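See below for protein22.pdb, which holds PDB, C-alpha atoms and all ligand atoms.
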ATOM      1  CA  MET A   1       1.524  -4.194  18.164
ATOM      2  CA  ILE A   2       3.716  -2.277  15.837
ATOM      3  CA  ALA A   3       5.567  -4.582  13.471
ATOM      4  CA  ASN A   4       8.121  -4.435  10.696
ATOM      5  CA  THR A   5       6.623  -4.710   7.206
ATOM      6  CA  SER A   6       9.388  -7.190   6.251
ATOM      7  CA  ASP A   7       8.298  -9.532   9.041
ATOM      8  CA  ILE A   8       4.630  -9.203   8.091
ATOM      9  CA  LEU A   9       5.397 -10.010   4.439
ATOM     10  CA  PHE A  10       7.808 -12.807   5.335
ATOM     11  CA  GLU A  11       5.083 -14.492   7.338
ATOM     12  CA  ALA A  12       2.634 -14.033   4.445
ATOM     13  CA  SER A  13       5.171 -15.456   1.958
ATOM     14  CA  SER A  14       5.827 -18.489   4.144
ATOM     15  CA  ALA A  15       2.125 -19.226   4.446
ATOM     16  CA  GLY A  16       1.189 -18.281   0.862
ATOM     17  CA  TYR A  17      -1.162 -15.381   1.419
ATOM     18  CA  ALA A  18      -1.099 -11.597   0.951
ATOM     19  CA  VAL A  19      -1.493  -8.599   3.251
ATOM     20  CA  GLY A  20      -3.575  -5.477   2.685
ATOM     21  CA  ALA A  21      -1.987  -2.024   2.849
ATOM     22  CA  PHE A  22      -4.740   0.495   3.369
ATOM     23  CA  ASN A  23      -4.398   4.189   2.632
ATOM     24  CA  VAL A  24      -5.650   6.330   5.467
ATOM     25  CA  TYR A  25      -5.996  10.080   5.808
ATOM     26  CA  ASN A  26      -7.060  10.603   9.382
ATOM     27  CA  MET A  27      -7.730   9.045  12.781
ATOM     28  CA  GLU A  28     -10.888   7.333  11.562
ATOM     29  CA  GLY A  29      -8.957   5.582   8.795
ATOM     30  CA  ALA A  30      -6.195   4.407  11.142
ATOM     31  CA  LEU A  31      -8.702   3.092  13.673
ATOM     32  CA  ALA A  32     -10.659   1.325  10.930
ATOM     33  CA  VAL A  33      -7.528  -0.597   9.875
ATOM     34  CA  ILE A  34      -6.793  -1.597  13.482
ATOM     35  CA  GLU A  35     -10.353  -2.714  14.117
ATOM     36  CA  ALA A  36     -10.508  -4.784  10.930
ATOM     37  CA  SER A  37      -7.105  -6.357  11.587
ATOM     38  CA  GLU A  38      -8.054  -7.258  15.154
ATOM     39  CA  ASP A  39     -11.470  -8.627  14.148
ATOM     40  CA  ALA A  40      -9.874 -10.790  11.461
ATOM     41  CA  ASN A  41      -6.871 -11.574  13.676
ATOM     42  CA  ILE A  42      -4.625 -11.008  10.658
ATOM     43  CA  PRO A  43      -1.787  -8.462  10.229
ATOM     44  CA  ALA A  44      -2.349  -5.299   8.208
ATOM     45  CA  ILE A  45      -0.462  -2.256   6.980
ATOM     46  CA  ILE A  46      -1.555   1.328   7.594
ATOM     47  CA  GLN A  47      -0.433   3.314   4.603
ATOM     48  CA  LEU A  48       0.047   7.059   4.231
ATOM     49  CA  HIS A  49       0.202   8.865   0.930
ATOM     50  CA  PRO A  50       2.460  11.950   0.727
ATOM     51  CA  GLY A  51      -0.697  13.899  -0.177
ATOM     52  CA  SER A  52      -2.199  13.186   3.239
ATOM     53  CA  LEU A  53       1.139  13.845   4.954
ATOM     54  CA  GLU A  54       1.197  17.287   3.395
ATOM     55  CA  LYS A  55      -1.966  18.019   5.370
ATOM     56  CA  GLY A  56      -1.396  15.963   8.534
ATOM     57  CA  GLY A  57       2.412  16.095   8.836
ATOM     58  CA  ASP A  58       4.133  14.740  11.927
ATOM     59  CA  VAL A  59       0.839  14.584  13.817
ATOM     60  CA  LEU A  60      -0.621  12.121  11.311
ATOM     61  CA  ILE A  61       2.511   9.946  11.374
ATOM     62  CA  ASN A  62       2.501   9.868  15.180
ATOM     63  CA  LEU A  63      -1.219   9.092  15.205
ATOM     64  CA  CYS A  64      -0.746   6.108  12.874
ATOM     65  CA  LEU A  65       2.274   4.813  14.803
ATOM     66  CA  SER A  66       0.323   5.092  18.013
ATOM     67  CA  ALA A  67      -2.662   3.262  16.472
ATOM     68  CA  ALA A  68      -0.350   0.457  15.312
ATOM     69  CA  GLN A  69       1.197   0.197  18.781
ATOM     70  CA  SER A  70      -2.240  -0.151  20.333
ATOM     71  CA  ALA A  71      -3.264  -3.073  18.098
ATOM     72  CA  SER A  72      -3.393  -6.629  19.395
ATOM     73  CA  THR A  73      -2.340  -7.833  15.931
ATOM     74  CA  ASN A  74       0.841  -7.054  13.967
ATOM     75  CA  VAL A  75       0.416  -3.732  12.187
ATOM     76  CA  SER A  76       3.050  -1.672  10.375
ATOM     77  CA  VAL A  77       2.907   1.920   9.137
ATOM     78  CA  HIS A  78       4.106   2.497   5.578
ATOM     79  CA  LEU A  79       4.793   5.656   3.575
ATOM     80  CA  ASP A  80       3.385   5.194   0.065
ATOM     81  CA  HIS A  81       4.785   6.692  -3.190
ATOM     82  CA  CYS A  82       7.464   9.015  -1.869
ATOM     83  CA  ASP A  83      10.017  10.683  -4.123
ATOM     84  CA  ASP A  84      11.055  13.370  -1.652
ATOM     85  CA  PRO A  85      14.169  12.609   0.452
ATOM     86  CA  THR A  86      13.167  15.273   3.008
ATOM     87  CA  SER A  87       9.832  13.565   3.706
ATOM     88  CA  ILE A  88      11.633  10.233   3.992
ATOM     89  CA  ASP A  89      14.127  11.714   6.490
ATOM     90  CA  ARG A  90      11.232  13.082   8.510
ATOM     91  CA  ALA A  91       9.338   9.788   8.483
ATOM     92  CA  LEU A  92      12.448   7.877   9.602
ATOM     93  CA  TYR A  93      13.141  10.441  12.315
ATOM     94  CA  LEU A  94       9.643   9.922  13.704
ATOM     95  CA  GLY A  95      10.075   6.153  13.763
ATOM     96  CA  MET A  96       8.304   5.143  10.574
ATOM     97  CA  ASN A  97      10.672   2.718   8.864
ATOM     98  CA  SER A  98       8.607   1.286   6.014
ATOM     99  CA  ILE A  99       8.708   3.335   2.837
ATOM    100  CA  MET A 100       7.999   3.159  -0.865
ATOM    101  CA  ALA A 101      10.801   5.013  -2.604
ATOM    102  CA  ASP A 102       9.078   6.031  -5.811
ATOM    103  CA  GLY A 103      11.556   6.918  -8.515
ATOM    104  CA  SER A 104       9.283   5.563 -11.236
ATOM    105  CA  SER A 105       8.959   8.972 -12.889
ATOM    106  CA  MET A 106      12.762   9.214 -13.215
ATOM    107  CA  ARG A 107      14.931   7.901 -15.994
ATOM    108  CA  TYR A 108      15.943   4.291 -15.334
ATOM    109  CA  LEU A 109      19.492   4.936 -14.076
ATOM    110  CA  ASP A 110      18.325   7.857 -11.935
ATOM    111  CA  ASN A 111      15.616   5.627 -10.497
ATOM    112  CA  ILE A 112      18.271   3.017  -9.602
ATOM    113  CA  ASN A 113      20.514   5.577  -7.894
ATOM    114  CA  PHE A 114      17.670   7.242  -6.027
ATOM    115  CA  THR A 115      16.188   3.926  -4.877
ATOM    116  CA  LYS A 116      19.555   2.461  -3.879
ATOM    117  CA  ASN A 117      20.390   5.480  -1.724
ATOM    118  CA  ILE A 118      17.019   5.447  -0.001
ATOM    119  CA  ALA A 119      17.213   1.674   0.485
ATOM    120  CA  ASN A 120      20.621   2.016   2.198
ATOM    121  CA  GLN A 121      19.289   4.743   4.444
ATOM    122  CA  ILE A 122      16.230   2.699   5.423
ATOM    123  CA  HIS A 123      18.171  -0.521   5.902
ATOM    124  CA  ASN A 124      20.504   1.312   8.290
ATOM    125  CA  VAL A 125      17.577   1.625  10.675
ATOM    126  CA  GLY A 126      16.362  -1.927  10.054
ATOM    127  CA  GLY A 127      13.476  -0.807   7.863
ATOM    128  CA  PHE A 128      11.676  -1.992   4.748
ATOM    129  CA  VAL A 129      11.771  -0.424   1.307
ATOM    130  CA  GLU A 130       9.444  -0.958  -1.629
ATOM    131  CA  ALA A 131       9.992   0.425  -5.108
ATOM    132  CA  GLU A 132       8.183   0.326  -8.412
ATOM    133  CA  LEU A 133       9.391  -0.558 -11.852
ATOM    134  CA  GLY A 134       7.263   0.381 -14.802
ATOM    135  CA  ARG A 135       4.607   2.964 -14.348
ATOM    136  CA  LEU A 136       1.018   2.739 -13.288
ATOM    137  CA  SER A 137      -1.594   4.710 -15.124
ATOM    138  CA  GLY A 138      -4.498   6.363 -13.407
ATOM    139  CA  THR A 139      -4.974   8.914 -10.734
ATOM    140  CA  GLU A 140      -4.111   8.771  -7.064
ATOM    141  CA  ASP A 141      -4.502  11.829  -4.886
ATOM    142  CA  GLY A 142      -3.778  14.416  -7.516
ATOM    143  CA  LEU A 143      -0.990  12.467  -9.173
ATOM    144  CA  THR A 144      -2.281  12.141 -12.708
ATOM    145  CA  ILE A 145      -0.168   9.976 -14.910
ATOM    146  CA  PRO A 146      -1.267  10.126 -18.530
ATOM    147  CA  GLU A 147      -2.018   6.810 -20.095
ATOM    148  CA  TYR A 148       0.648   7.240 -22.704
ATOM    149  CA  GLN A 149       3.336   7.215 -20.029
ATOM    150  CA  ALA A 150       2.099   3.992 -18.543
ATOM    151  CA  LYS A 151       4.515   1.155 -18.948
ATOM    152  CA  LEU A 152       4.438  -2.423 -17.775
ATOM    153  CA  THR A 153       7.235  -3.955 -15.703
ATOM    154  CA  ASP A 154       9.952  -5.555 -17.808
ATOM    155  CA  PRO A 155      10.786  -8.952 -16.213
ATOM    156  CA  LEU A 156      14.481  -8.855 -17.174
ATOM    157  CA  GLN A 157      14.927  -5.280 -16.045
ATOM    158  CA  ALA A 158      13.197  -6.206 -12.779
ATOM    159  CA  VAL A 159      15.977  -8.678 -11.932
ATOM    160  CA  GLU A 160      18.623  -6.037 -12.509
ATOM    161  CA  PHE A 161      16.624  -3.383 -10.643
ATOM    162  CA  VAL A 162      16.110  -5.490  -7.524
ATOM    163  CA  ARG A 163      19.756  -6.618  -7.535
ATOM    164  CA  ASP A 164      21.153  -3.104  -8.041
ATOM    165  CA  THR A 165      18.926  -1.315  -5.537
ATOM    166  CA  GLY A 166      18.651  -3.919  -2.745
ATOM    167  CA  ILE A 167      14.920  -3.294  -2.245
ATOM    168  CA  ASP A 168      12.764  -5.604  -0.106
ATOM    169  CA  ALA A 169       9.644  -5.672  -2.301
ATOM    170  CA  LEU A 170       8.811  -4.745  -5.886
ATOM    171  CA  ALA A 171       5.606  -3.043  -7.009
ATOM    172  CA  VAL A 172       4.779  -4.358 -10.457
ATOM    173  CA  CYS A 173       2.779  -2.874 -13.289
ATOM    174  CA  ILE A 174       0.928  -5.610 -15.115
ATOM    175  CA  GLY A 175      -2.147  -3.669 -16.207
ATOM    176  CA  ASN A 176      -3.260  -2.648 -12.706
ATOM    177  CA  VAL A 177      -4.203   1.021 -12.351
ATOM    178  CA  HIS A 178      -4.754   3.485  -9.541
ATOM    179  CA  GLY A 179      -8.272   4.664  -8.855
ATOM    180  CA  LYS A 180     -11.353   3.185 -10.465
ATOM    181  CA  TYR A 181     -11.071   0.703 -13.319
ATOM    182  CA  ALA A 182     -12.983   2.189 -16.239
ATOM    183  CA  ARG A 183     -13.641  -1.326 -17.570
ATOM    184  CA  GLU A 184     -12.897  -4.890 -16.535
ATOM    185  CA  PRO A 185      -9.200  -4.946 -15.527
ATOM    186  CA  VAL A 186      -6.850  -6.862 -17.796
ATOM    187  CA  LEU A 187      -3.808  -8.176 -15.962
ATOM    188  CA  ASP A 188      -0.822  -9.719 -17.713
ATOM    189  CA  PHE A 189      -0.430 -12.889 -15.628
ATOM    190  CA  GLU A 190       2.197 -14.344 -17.926
ATOM    191  CA  ARG A 191       4.372 -11.327 -17.204
ATOM    192  CA  LEU A 192       3.716 -11.637 -13.481
ATOM    193  CA  GLU A 193       4.649 -15.310 -13.565
ATOM    194  CA  THR A 194       7.969 -14.542 -15.256
ATOM    195  CA  ILE A 195       8.742 -11.724 -12.828
ATOM    196  CA  ASN A 196       7.964 -13.987  -9.872
ATOM    197  CA  ARG A 197      10.052 -16.840 -11.248
ATOM    198  CA  ASN A 198      13.064 -14.552 -11.667
ATOM    199  CA  LEU A 199      12.874 -12.747  -8.320
ATOM    200  CA  ASN A 200      12.979 -13.707  -4.681
ATOM    201  CA  VAL A 201      11.336 -10.624  -3.182
ATOM    202  CA  PRO A 202       7.621 -10.216  -2.388
ATOM    203  CA  LEU A 203       5.625  -8.515  -5.154
ATOM    204  CA  VAL A 204       3.185  -5.671  -4.631
ATOM    205  CA  ILE A 205       0.077  -4.696  -6.563
ATOM    206  CA  HIS A 206      -1.109  -1.094  -6.402
ATOM    207  CA  GLY A 207      -4.656  -0.391  -7.501
ATOM    208  CA  GLY A 208      -6.137  -3.250  -5.467
ATOM    209  CA  SER A 209      -9.589  -1.640  -5.449
ATOM    210  CA  GLY A 210     -12.020  -3.231  -7.866
ATOM    211  CA  LEU A 211      -9.982  -6.307  -8.810
ATOM    212  CA  PRO A 212     -12.254  -9.345  -9.136
ATOM    213  CA  GLU A 213     -11.610 -12.110  -6.630
ATOM    214  CA  TRP A 214     -10.232 -14.565  -9.177
ATOM    215  CA  MET A 215      -7.606 -12.005 -10.231
ATOM    216  CA  VAL A 216      -6.624 -11.411  -6.631
ATOM    217  CA  ASN A 217      -6.260 -15.178  -6.171
ATOM    218  CA  ARG A 218      -4.164 -15.551  -9.303
ATOM    219  CA  CYS A 219      -1.902 -12.671  -8.237
ATOM    220  CA  ILE A 220      -1.325 -14.314  -4.863
ATOM    221  CA  GLN A 221      -0.521 -17.633  -6.494
ATOM    222  CA  LEU A 222       2.060 -15.749  -8.564
ATOM    223  CA  GLY A 223       3.907 -14.130  -5.663
ATOM    224  CA  VAL A 224       1.950 -10.988  -4.799
ATOM    225  CA  ARG A 225       2.195 -10.480  -1.032
ATOM    226  CA  LYS A 226       0.956  -6.904  -0.617
ATOM    227  CA  PHE A 227      -2.096  -5.242  -2.152
ATOM    228  CA  ASN A 228      -2.557  -1.494  -1.854
ATOM    229  CA  VAL A 229      -6.142  -0.392  -1.397
ATOM    230  CA  ASN A 230      -7.237   3.211  -1.442
ATOM    231  CA  THR A 231     -10.279   3.987  -3.600
ATOM    232  CA  GLU A 232     -12.774   1.592  -2.008
ATOM    233  CA  ILE A 233     -11.988   2.821   1.519
ATOM    234  CA  ARG A 234     -12.140   6.447   0.488
ATOM    235  CA  THR A 235     -15.498   5.857  -1.186
ATOM    236  CA  ALA A 236     -16.895   4.181   1.946
ATOM    237  CA  TYR A 237     -15.733   7.128   4.028
ATOM    238  CA  LEU A 238     -17.068   9.832   1.723
ATOM    239  CA  GLU A 239     -20.417   8.144   1.173
ATOM    240  CA  THR A 240     -20.939   7.792   4.924
ATOM    241  CA  VAL A 241     -20.019  11.394   5.618
ATOM    242  CA  GLN A 242     -22.237  12.619   2.792
ATOM    243  CA  ALA A 243     -25.205  10.531   3.931
ATOM    244  CA  LEU A 244     -24.938  11.680   7.549
ATOM    245  CA  THR A 245     -24.301  15.327   6.877
ATOM    246  CA  THR A 246     -27.529  15.771   4.921
ATOM    247  CA  SER A 247     -29.151  15.964   8.352
ATOM    248  CA  SER A 248     -28.480  19.205  10.214
ATOM    249  CA  SER A 249     -28.672  17.440  13.570
ATOM    250  CA  VAL A 250     -25.778  15.085  12.972
ATOM    251  CA  GLU A 251     -23.506  14.500  15.954
ATOM    252  CA  LEU A 252     -19.799  14.672  15.228
ATOM    253  CA  THR A 253     -19.276  11.628  17.406
ATOM    254  CA  SER A 254     -21.648   9.579  15.224
ATOM    255  CA  LEU A 255     -19.855  10.840  12.154
ATOM    256  CA  ILE A 256     -16.625   9.462  13.618
ATOM    257  CA  SER A 257     -18.045   6.109  14.671
ATOM    258  CA  GLU A 258     -20.080   5.558  11.508
ATOM    259  CA  SER A 259     -17.220   6.413   9.176
ATOM    260  CA  ILE A 260     -14.875   4.088  11.084
ATOM    261  CA  ARG A 261     -17.474   1.325  10.781
ATOM    262  CA  ALA A 262     -17.943   1.868   7.040
ATOM    263  CA  MET A 263     -14.201   1.777   6.331
ATOM    264  CA  ARG A 264     -13.663  -1.114   8.741
ATOM    265  CA  ASP A 265     -16.229  -3.222   6.861
ATOM    266  CA  VAL A 266     -14.453  -2.702   3.519
ATOM    267  CA  ILE A 267     -11.015  -3.314   5.029
ATOM    268  CA  TYR A 268     -12.147  -6.425   6.912
ATOM    269  CA  LEU A 269     -13.405  -8.074   3.700
ATOM    270  CA  LYS A 270     -10.168  -7.232   1.892
ATOM    271  CA  ILE A 271      -8.000  -8.567   4.721
ATOM    272  CA  LYS A 272      -9.955 -11.832   4.748
ATOM    273  CA  GLN A 273      -9.849 -12.122   0.979
ATOM    274  CA  PHE A 274      -6.088 -11.514   0.748
ATOM    275  CA  ALA A 275      -5.262 -13.776   3.678
ATOM    276  CA  TYR A 276      -7.195 -16.764   2.474
ATOM    277  CA  VAL A 277      -4.425 -19.355   2.046
ATOM    278  CA  ARG A 278      -4.389 -20.830  -1.444
TER     279      ARG A 278
HETATM  280 ZN    ZN B 301       0.148   3.314  -5.708
END
Could I get this file's structure written as structure tokens?
Ligand SMILES: [Zn+2]
Amino acid sequence: MIANTSDILFEASSAGYAVGAFNVYNMEGALAVIEASEDANIPAIIQLHPGSLEKGGDVLINLCLSAAQSASTNVSVHLDHCDDPTSIDRALYLGMNSIMADGSSMRYLDNINFTKNIANQIHNVGGFVEAELGRLSGTEDGLTIPEYQAKLTDPLQAVEFVRDTGIDALAVCIGNVHGKYAREPVLDFERLETINRNLNVPLVIHGGSGLPEWMVNRCIQLGVRKFNVNTEIRTAYLETVQALTTSSSVELTSLISESIRAMRDVIYLKIKQFAYVR
């Protein structure tokens, strides 16, 4: 059933586990999240990137909301990395009330004002708002952020930012990156520990693809309640489509079912890994 992201994360915080937020681009992706969540009997978050919304628009939002409604588990639908108030208005209008207001490319005070306004708007409809402090490096759907701009989350500034904006969850930058890790990830756990000690909101890690299990565990012990996963699901999808389409006799229906299965398998493992209570 469709759920509020705040409720899903509150439950995870109470029990000491984390929830996966999985970026999807189409019906197959949405169905893969539902299937994995139902098979694991654990809540999940369907996540849409503005890049996919540009292509799928209202139809994609409605499709994801409808998929969440059909689930036997608690599933919410979340808009990832959005800095465009018009898209946020549209998402809220269609009934999607879980949004990441991404002002991380703005100057600090502009980021606070932008995020606070969006948070008020979303809270007026009982929704959930995530924001990011610091800046991730890497590439996600055409958003290339040069390494030199990457900054880690400042623990003291994080306290001020959460207080001044009223957000429900904070995405932290502790060495995590979008896309593929070029080498073994190096996460600043000391920084994460300080941030967690100073804040009472759930923490979010973007770039959850390719993090070794012990790092995932450590993050959860230090207050991370939501992991965003994109790259590994996308890879599973693309590899399946590529493998099947080398044959000229491929049935479109098998393409649908096989790509759902491939993404479901990746998502299922992530859900189980994140939800393992430490
Ligand atoms: Zn992200």
### Message
I'd like the residues picked by the PyMOL selection byres (((chain A and resi 214) around 12) and not hetatm) written out as a VMD selection string, using the chain letters and numbers from the file.
### Response
chain A and resid 185 187 189 210 to 213 215 to 221 273 to 274 278
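Our summary of the geometry notes that atom CA of Pro202 of chain A is positioned 19.4 Å from atom CA of Asn23 of chain A.
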Cut-off 7 Å: closest chain A/ligand ZN 301 (chain B) atom pairs per residue, using all atoms listed in the file, as JSON lines:
{"residue": "A:Asp80", "atom": "CA", "partner": "B:ZN301", "partner_atom": "ZN", "distance": 6.9}
{"residue": "A:His81", "atom": "CA", "partner": "B:ZN301", "partner_atom": "ZN", "distance": 6.3}
{"residue": "A:His178", "atom": "CA", "partner": "B:ZN301", "partner_atom": "ZN", "distance": 6.2}
{"residue": "A:His206", "atom": "CA", "partner": "B:ZN301", "partner_atom": "ZN", "distance": 4.6}
{"residue": "A:Gly207", "atom": "CA", "partner": "B:ZN301", "partner_atom": "ZN", "distance": 6.3}
{"residue": "A:Asn228", "atom": "CA", "partner": "B:ZN301", "partner_atom": "ZN", "distance": 6.7}
## Note on the structure
One decimal place gives the atom CA of Tyr93 of chain A-atom CA of Ser72 of chain A separation as 24.8 Å
### Query
What residues come out when you apply the PyMOL selection byres (((chain A and resi 237) around 8) and not hetatm) to this file, written as a VMD selection string?
chain A and resid 233 to 236 238 to 241 259 to 260 262 to 263
### Query
If I put a ball of radius 9 Å at (-1.1, 8.8, 7.3) in the file's coordinates, which residues poke into it when counting only C-alpha atoms, written as a PyMOL selection string?
chain A and resi 23-27+29-30+46-50+52-53+56-57+59-64+77-79
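Closest approach to Ile99 of chain A among A:Leu252, A:Ala44, A:Ile118, A:Val229: A:Ile118, based on all atoms listed in the file.
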How big is the axis-aligned box around all listed atoms of segment 212-215 of chain A once 5 Å goes on each side, and where's its centre, in Å to one decimal, as lines of an AutoDock Vina configuration file?
center_x = -9.9
center_y = -12.0
center_z = -8.4
size_x = 14.6
size_y = 15.2
size_z = 13.6
#### Entry: For atom CA of Glu190 of chain A and atom CA of Ala158 of chain A, the interatomic separation in Å (one decimal)
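Atom-to-atom, atom CA of Glu190 of chain A and atom CA of Ala158 of chain A are spaced 14.6 Å apart.
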### Query
Nearest to Ala15 of chain A among A:Gly223, A:Asp110, A:Lys270, A:Thr231, with distances taken over only C-alpha atoms: which residue is it?
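Between A:Gly223, A:Asp110, A:Lys270, A:Thr231, the residue approaching Ala15 of chain A most closely is A:Gly223.
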### Query
List as an MDAnalysis selection string: which residues have an atom within 9 Å of (-1.2, -12.3, 13.9), counting all atoms listed in the file?
chainID A and resid 8 37:38 41:43 72:75
### Query
What do you get, as a list in words, if you spell out every residue that the PyMOL selection byres (((chain A and resi 134) around 8) and not hetatm) selects here?
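Applied to this file, the PyMOL selection byres (((chain A and resi 134) around 8) and not hetatm) selects Ser104, Glu132, Leu133, Arg135, Leu136, Ala150, Lys151, Leu152, Thr153, Asp154, Val172 and Cys173 of chain A.
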### Query
In terms of the shortest atom-to-atom distance over all atoms listed in the file, which of A:Arg261, A:Lys180, A:Arg225, A:Arg107 is closest to Gly20 of chain A?
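Checking each of A:Arg261, A:Lys180, A:Arg225, A:Arg107 against Gly20 of chain A, counting all atoms listed in the file, the winner is A:Arg225.
Between Ala131 of chain A and the candidates A:Gly175, A:Val201, A:Met96, A:Ser247, the tightest atom-to-atom separation, counting only C-alpha atoms, involves A:Val201.
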### Message
Give me the residues near Val125 of chain A as number ranges by chain, where near means some atom within 8 Å (using all atoms listed in the file) and where sequence neighbours in that chain fewer than 3 positions away do not count.
### Response
A: 97, 121-122
### Task
Excluding Ile195 of chain A and residues on its chain fewer than 2 positions from it, collect all residues at most 8 Å away from it, counting only C-alpha atoms, and give them as an NGL selection string.
:A and (155-156 or 158-159 or 191-193 or 197-199)
